[in-house]
Amino acid sequence: MDAEKIKKDPLPAILADRAGIRQANGTDLELQPVYQTWVGATIGNKSVQIQGVGLFSPQFYRPPLSEGKEPTGKNQIALGESYLEKTGVGVGDTIEIQVPPAYDDKDAKPTTQKVTVSGIVRRDASMYIGQVPDVYLSPDLAKHLAQATEMGVNQILVHTQQDPAKLARKLGQYLNDKQLLSQDLAVVTVTQKQSETTAGNAEQIALQAVVLFFPLLAVLVCIGIVSVTFQVVLARRRRETALLRCVGATVAQVRRAAFLECLLVGIVSALTGTLIGWLGSIALVYGTGMIGSLSQTLEVTGIFPVVLSLATGILVPLIGALRPTLGLGKIRPIAALNTQELNKKGKPKRHIFHWILTAFLAVAGGGMWVLAWNNRGSEDGTEQAIALGAAIAGALILMCAALMICRFLLPAFTALFTRPFARKYATAKLAGENVKRDPHRTGATATALVLGVTLMSTILIGTASVQKTVNDEINRRFSVDYSLVYPNPSIPLTQNEIKKASQVEGVSNVGKMPGIVADTITNAQGSALTEEQLTGTSPEDAGDGAWTEDTGESAGSADAESAASTENPDENAESADTENQENTEKESLRPFSLVLVTLPENVNSLTRKSIQQPQPGEMWLVGEVEAPVSDPVNLNFKTGKKLTVKAKAMPKTASGFPADYSAIYGVLSQADFKELTASGVKAQTYGVIAKFDLSRGASDTIQTIQDFTNQFWKIESASFESSAMISSIVTMVLRVMMLILLCLLGISAIVALVGVANTLSLSVVDRAQENALLRAVGATRTQIRRMLIIEGTLIGLGALVVGVALSTLFSWFVMQCMPFAGIISQKNIELQIPWVWVGLVVLVTELFCFLASVLPGRRAAKASPIEALNAADQ
């Protein structure tokens, strides 16, 4: 829970009552104040925002250092490596920290303070897992900056062996009852802190499920490929198996020998793959500096992934070989002497159960889609979750049904592509017939390829569709790439800040947003209005950053002052409450100054569309506004000028004027603003509008925005919005997710393509006699090679057509059920097909299918017709 700004340090009173705290809550308690600061800093020529905490006691946490020592002196700081990149600053050098002026001193100016870099913080596993800060200040410096920025102690960490949740509640209640802590100051245990900074259990499980889903698909594809391969290999040994039965081998012995052979292959493959994956993971994590030491890397990777990888690598070939191995029992000894018996394939199976299961999956998936369609477009969170979950679940179930259909129908469907060329090209006709000859083998291989193509295309189309939909909505809602307003009447933006910001790489243009300050706002009777009266908000709901005329303090700071209570809190509790209430009432009755801004003169060169602005005689209120005063109000200025306007809340359709709930400012029309400045009202710069070069890419745009924002080190009190940032973050997140998922899916695709090569190689062995006959009747080696290449590319083409069609259907439906309601209109949801990426999938798939068929084709073409015919006779 975030704390209100605290001017005084409550820690002395807490420590003074340490004995009472331990007696009431447990003698094992260790308390640690958390001074958190967020200030601007200049490191070399680099301006940054640093958010850090005071150095913790050893029993809580100490950051790992790659260089230097911990910050313990009066003005020392330890910074993460990223802050010092390309600055030339290292351990022992000094940097400048900008300390903002006190809110209760209107005439105070920002100050700078030089601090020494005592050490460099190394990113380690704890920081990545728990989001631990990488900026640490010495206790004295942290306390000073926390008080200067009025952040004070925002949390009290507790180290204990007790139940974290119960202790936090009990201790927090004790401190509040003793008036030692404000109601908004959080008390958390170390365990709770770590839990808060990590994702929730449900989110972790969901993320792990998503991550494991794609390797699981690769495993299923591997099982299918191994099963088909082993079945054909054992089929080539039918005579050998029959001879073994003739000399006394039992069915169990034959099966055991085949099973042990597959087990040996699995063990060797598992050991090799696990070793490569384990070493590759360590090299990636440690080599890129994600984790600082090799011992920590080994600790994070752990032994479980190694065990899981070994078990999976051994089980996959065993499961795949199960069906072919059991089929060896059907080979009778007589088959060794009877060629007809040896080649007997038996009656074709009817596959009744297969089609019943397919129909059940189709009905179940269709039912999930009906449920999703009925809940789509709802603004209720539960219904949105149902719609999206049912859409994805239905898509997966329907994909399973489609794959089961493809296993039987895909060979015949693939052969149809040779129809237009069958009469003219004999090789094309033969390739089409060969695809249909063994539908089980071809169907299994092509289905695995369909799975990979469907998932990859779905990820590509879905990512592009979400990005297109979100970006179009951003362009509809926002007029500018970036806008910032600093509504502090006493501290306008400086020309130097704006100049430095305009020189940031990637900034195309910057426009100053001029502003003036209304000293008071009165009603028609001349009575001064408070902020609450103007905006229609109650005093207790007023923003923490609402500026007052006299002190500039937030309305909630009175409560905070009571937190730093006295040596005898029990005796002073009642008086503190009374004083707190009186201060709050006085605070809410004070008149206030209001910053009024308008659009820059060169606004048309900064926007992507026209910016809506108030009409003359109107004033928009930006910030926490509920029901503005209904009667016209007078804006009074130091020059004696007065302007009567109608106060309104900023329309939701307006953009360009950033809003948050920490401060209130007003917006005037350009006509009213010019009239005021012409009468002598002094105008200064209180905001900027910037245009960026968005063609530089998402990551460069984000860096530009960060560098631009860092030039205004008072940003913690500013209101700003950036459609370019939102768009770039969405683009970057989607692309990163897309690349990760494509890498995971690439495993299954590669396995499927290996299956294509395997299938064609086994086809060459099975059709040795046929290929010899073709050579004998005049077929050239080129024609034999071409026939195999066409057969391989046909399998890939059939898989591509089905996979792209399924992915388009799934992407369209899931997009219709995305939880955009209330944010994006249903009519604005778009299906975007990234033709370049999909074309790349098509090209790569066909290229790999071509390469997979080259070696089998060459092997078939090199065979001598006489040798092949002799081999067939034996």
# chains A, B, ... in the order shown; residues from 1 in each chain; ligands from 1

call {"tool": "residues_around", "arguments": {"residues": "Val135 (chain A)", "least_positions_apart": "4", "cutoff": "6 Å", "atoms": "only C-alpha atoms", "output": "JSON, numbers by chain"}}
result
{"A": [52, 78, 79]}

call {"tool": "residues_around", "arguments": {"residues": "region 632-639 of chain A", "least_positions_apart": "4", "cutoff": "7 Å", "atoms": "only C-alpha atoms", "output": "ChimeraX atom specification"}}
result
/A:518-524,643-647,680-681

call {"tool": "residues_around", "arguments": {"residues": "Asp672 (chain A)", "least_positions_apart": "4", "cutoff": "12 Å", "atoms": "only C-alpha atoms", "output": "PyMOL selection string"}}
result
chain A and resi 515-516+596-599+613-619+635+642-645+667-668+676-679+681

call {"tool": "residues_around", "arguments": {"residues": "Ser605 (chain A)", "least_positions_apart": "2", "cutoff": "12 Å", "atoms": "only C-alpha atoms", "output": "PDB file with N, CA and C atoms, in the first residue's frame"}}
result
ATOM      1  N   SER A 479      -3.984  12.518 -30.191  1.00  0.00           N
ATOM      2  CA  SER A 479      -3.613  13.422 -31.272  1.00  0.00           C
ATOM      3  C   SER A 479      -2.110  13.609 -31.374  1.00  0.00           C
ATOM      4  N   VAL A 480      -1.388  13.369 -30.292  1.00  0.00           N
ATOM      5  CA  VAL A 480       0.037  13.678 -30.261  1.00  0.00           C
ATOM      6  C   VAL A 480       0.828  12.456 -29.810  1.00  0.00           C
ATOM      7  N   ASP A 481       2.131  12.481 -30.131  1.00  0.00           N
ATOM      8  CA  ASP A 481       3.017  11.413 -29.680  1.00  0.00           C
ATOM      9  C   ASP A 481       3.317  11.531 -28.192  1.00  0.00           C
ATOM     10  N   SER A 508      11.563  14.801 -33.395  1.00  0.00           N
ATOM     11  CA  SER A 508      11.399  15.552 -34.644  1.00  0.00           C
ATOM     12  C   SER A 508      11.067  17.011 -34.395  1.00  0.00           C
ATOM     13  N   ASN A 509      10.216  17.261 -33.423  1.00  0.00           N
ATOM     14  CA  ASN A 509       9.780  18.638 -33.191  1.00  0.00           C
ATOM     15  C   ASN A 509       9.240  18.756 -31.768  1.00  0.00           C
ATOM     16  N   VAL A 510       9.420  19.920 -31.160  1.00  0.00           N
ATOM     17  CA  VAL A 510       8.926  20.188 -29.807  1.00  0.00           C
ATOM     18  C   VAL A 510       8.230  21.536 -29.814  1.00  0.00           C
ATOM     19  N   GLY A 511       7.052  21.578 -29.220  1.00  0.00           N
ATOM     20  CA  GLY A 511       6.313  22.824 -29.092  1.00  0.00           C
ATOM     21  C   GLY A 511       6.067  23.162 -27.634  1.00  0.00           C
ATOM     22  N   LEU A 599      -2.825  25.574 -26.231  1.00  0.00           N
ATOM     23  CA  LEU A 599      -2.044  24.863 -27.239  1.00  0.00           C
ATOM     24  C   LEU A 599      -0.895  25.721 -27.751  1.00  0.00           C
ATOM     25  N   PRO A 600       0.211  25.086 -28.191  1.00  0.00           N
ATOM     26  CA  PRO A 600       1.304  25.842 -28.814  1.00  0.00           C
ATOM     27  C   PRO A 600       0.837  26.465 -30.134  1.00  0.00           C
ATOM     28  N   GLU A 601       1.529  27.505 -30.545  1.00  0.00           N
ATOM     29  CA  GLU A 601       1.167  28.158 -31.804  1.00  0.00           C
ATOM     30  C   GLU A 601       1.443  27.248 -32.997  1.00  0.00           C
ATOM     31  N   ASN A 602       2.490  26.437 -32.927  1.00  0.00           N
ATOM     32  CA  ASN A 602       2.828  25.539 -34.045  1.00  0.00           C
ATOM     33  C   ASN A 602       2.229  24.163 -33.864  1.00  0.00           C
ATOM     34  N   VAL A 603       1.044  24.112 -33.289  1.00  0.00           N
ATOM     35  CA  VAL A 603       0.456  22.833 -32.921  1.00  0.00           C
ATOM     36  C   VAL A 603       0.218  21.929 -34.122  1.00  0.00           C
ATOM     37  N   THR A 607       1.066  17.407 -34.468  1.00  0.00           N
ATOM     38  CA  THR A 607      -0.036  16.467 -34.264  1.00  0.00           C
ATOM     39  C   THR A 607      -0.272  15.614 -35.496  1.00  0.00           C
ATOM     40  N   ARG A 608      -0.920  14.486 -35.261  1.00  0.00           N
ATOM     41  CA  ARG A 608      -1.323  13.631 -36.370  1.00  0.00           C
ATOM     42  C   ARG A 608      -2.765  13.906 -36.798  1.00  0.00           C
ATOM     43  N   LYS A 609      -3.486  14.640 -35.956  1.00  0.00           N
ATOM     44  CA  LYS A 609      -4.831  15.089 -36.303  1.00  0.00           C
ATOM     45  C   LYS A 609      -5.143  16.313 -35.451  1.00  0.00           C
ATOM     46  N   SER A 610      -6.255  16.981 -35.757  1.00  0.00           N
ATOM     47  CA  SER A 610      -6.604  18.219 -35.058  1.00  0.00           C
ATOM     48  C   SER A 610      -6.886  17.948 -33.585  1.00  0.00           C
ATOM     49  N   ILE A 611      -6.353  18.813 -32.719  1.00  0.00           N
ATOM     50  CA  ILE A 611      -6.578  18.698 -31.278  1.00  0.00           C
ATOM     51  C   ILE A 611      -7.803  19.510 -30.884  1.00  0.00           C
ATOM     52  N   ILE A 689       4.623  19.719 -26.068  1.00  0.00           N
ATOM     53  CA  ILE A 689       4.096  18.684 -26.955  1.00  0.00           C
ATOM     54  C   ILE A 689       5.232  18.310 -27.900  1.00  0.00           C
ATOM     55  N   ALA A 690       5.511  17.027 -28.014  1.00  0.00           N
ATOM     56  CA  ALA A 690       6.639  16.572 -28.823  1.00  0.00           C
ATOM     57  C   ALA A 690       6.175  15.591 -29.889  1.00  0.00           C
ATOM     58  N   LYS A 691       6.877  15.653 -31.012  1.00  0.00           N
ATOM     59  CA  LYS A 691       6.641  14.711 -32.107  1.00  0.00           C
ATOM     60  C   LYS A 691       7.917  13.908 -32.300  1.00  0.00           C
ATOM     61  N   PHE A 692       7.781  12.572 -32.418  1.00  0.00           N
ATOM     62  CA  PHE A 692       8.938  11.697 -32.521  1.00  0.00           C
ATOM     63  C   PHE A 692       9.011  11.047 -33.893  1.00  0.00           C
TER      64      PHE A 692
END

call {"tool": "closest_residue", "arguments": {"among": "A:Pro33, A:Gly367, A:Gly54, A:Gly755", "to": "Thr447 (chain A)", "atoms": "only C-alpha atoms"}}
result
A:Gly755

call {"tool": "select_by_dssp", "arguments": {"residues": "region 648-870 of chain A", "states": "strand (DSSP E or B)", "output": "number ranges by chain"}}
result
A: 648-649, 665-668, 684-692, 719-721

call {"tool": "write_last_selection", "arguments": {"atoms": "N, CA and C atoms", "output": "compact mmCIF listing (two decimals), in the first residue's frame"}}
result
# COMPACT_ATOMS: atom_id res chain seq x y z
N LYS A 648 -15.65 23.38 -17.01
CA LYS A 648 -16.15 22.08 -17.47
C LYS A 648 -15.06 21.03 -17.28
N ALA A 649 -15.47 19.81 -17.13
CA ALA A 649 -14.51 18.71 -17.14
C ALA A 649 -14.03 18.48 -18.57
N TYR A 665 -5.18 21.26 -13.25
CA TYR A 665 -4.83 22.46 -14.01
C TYR A 665 -5.95 22.73 -15.00
N GLY A 666 -5.94 23.92 -15.59
CA GLY A 666 -6.99 24.31 -16.51
C GLY A 666 -6.47 24.49 -17.92
N VAL A 667 -7.39 24.42 -18.88
CA VAL A 667 -7.07 24.62 -20.29
C VAL A 667 -7.99 25.71 -20.84
N LEU A 668 -7.39 26.72 -21.47
CA LEU A 668 -8.15 27.81 -22.10
C LEU A 668 -8.03 27.72 -23.61
N GLN A 684 4.34 31.89 -19.11
CA GLN A 684 5.55 31.06 -19.04
C GLN A 684 5.23 29.68 -19.59
N THR A 685 6.24 28.85 -19.71
CA THR A 685 6.04 27.51 -20.27
C THR A 685 5.76 26.51 -19.15
N TYR A 686 4.61 25.88 -19.22
CA TYR A 686 4.24 24.88 -18.22
C TYR A 686 4.03 23.50 -18.83
N GLY A 687 4.30 23.36 -20.11
CA GLY A 687 4.14 22.07 -20.75
C GLY A 687 4.77 22.04 -22.11
N VAL A 688 4.88 20.85 -22.68
CA VAL A 688 5.43 20.67 -24.03
C VAL A 688 4.62 19.61 -24.76
N ILE A 689 4.62 19.72 -26.07
CA ILE A 689 4.10 18.68 -26.95
C ILE A 689 5.23 18.31 -27.90
N ALA A 690 5.51 17.03 -28.01
CA ALA A 690 6.64 16.57 -28.82
C ALA A 690 6.18 15.59 -29.89
N LYS A 691 6.88 15.65 -31.01
CA LYS A 691 6.64 14.71 -32.11
C LYS A 691 7.92 13.91 -32.30
N PHE A 692 7.78 12.57 -32.42
CA PHE A 692 8.94 11.70 -32.52
C PHE A 692 9.01 11.05 -33.89
N SER A 719 2.16 15.80 -15.06
CA SER A 719 1.18 14.98 -15.77
C SER A 719 1.69 14.81 -17.20
N PHE A 720 1.74 13.58 -17.67
CA PHE A 720 2.18 13.37 -19.05
C PHE A 720 1.50 12.15 -19.63
N GLU A 721 1.39 12.16 -20.93
CA GLU A 721 0.87 11.00 -21.65
C GLU A 721 1.67 10.84 -22.93

call {"tool": "residues_around", "arguments": {"residues": "Arg786 (chain A)", "least_positions_apart": "4", "cutoff": "10 Å", "atoms": "only C-alpha atoms", "output": "PyMOL selection string"}}
result
chain A and resi 427-428+431+780-782+790-792+853-854+857-858+861

call {"tool": "closest_residue", "arguments": {"among": "A:Lys499, A:Arg332, A:Arg437, A:Lys46", "to": "Arg239 (chain A)", "atoms": "only C-alpha atoms"}}
result
A:Arg332

call {"tool": "atom_distance", "arguments": {"atom1": "CA of Ile833 (chain A)", "atom2": "CA of Thr469 (chain A)"}}
result
12.1 Å

call {"tool": "atom_distance", "arguments": {"atom1": "CA of Cys262 (chain A)", "atom2": "CA of Phe304 (chain A)"}}
result
24.4 Å

call {"tool": "closest_residue", "arguments": {"among": "A:Ser593, A:Gln533, A:Gln826, A:Gln36", "to": "Val629 (chain A)", "atoms": "only C-alpha atoms"}}
result
A:Gln533

call {"tool": "closest_residue", "arguments": {"among": "A:Ser502, A:Thr494, A:Thr160, A:Ser465", "to": "Arg22 (chain A)", "atoms": "only C-alpha atoms"}}
result
A:Thr160

call {"tool": "residues_around", "arguments": {"residues": "region 263-277 of chain A", "least_positions_apart": "4", "cutoff": "8 Å", "atoms": "only C-alpha atoms", "output": "short mmCIF file (atom, residue, chain, number, x, y, z; two decimals) with C-alpha atoms, in the first residue's frame"}}
result
data_model
loop_
_atom_site.label_atom_id
_atom_site.label_comp_id
_atom_site.auth_asym_id
_atom_site.auth_seq_id
_atom_site.Cartn_x
_atom_site.Cartn_y
_atom_site.Cartn_z
CA PHE A 259 11.84 -52.36 -27.23
CA SER A 281 21.11 -22.40 -21.08
CA VAL A 306 17.77 -31.78 -16.33
CA SER A 309 14.61 -33.43 -20.03
CA LEU A 310 16.20 -36.85 -19.50
CA ALA A 311 12.87 -38.46 -18.63
CA THR A 312 11.14 -36.88 -21.64
CA GLY A 313 13.94 -37.88 -24.02
CA ILE A 314 13.73 -41.50 -22.89
CA LEU A 315 9.93 -41.76 -22.74
CA VAL A 316 9.25 -40.22 -26.18
CA PRO A 317 10.84 -43.05 -28.24
CA LEU A 318 9.46 -45.69 -25.86
#
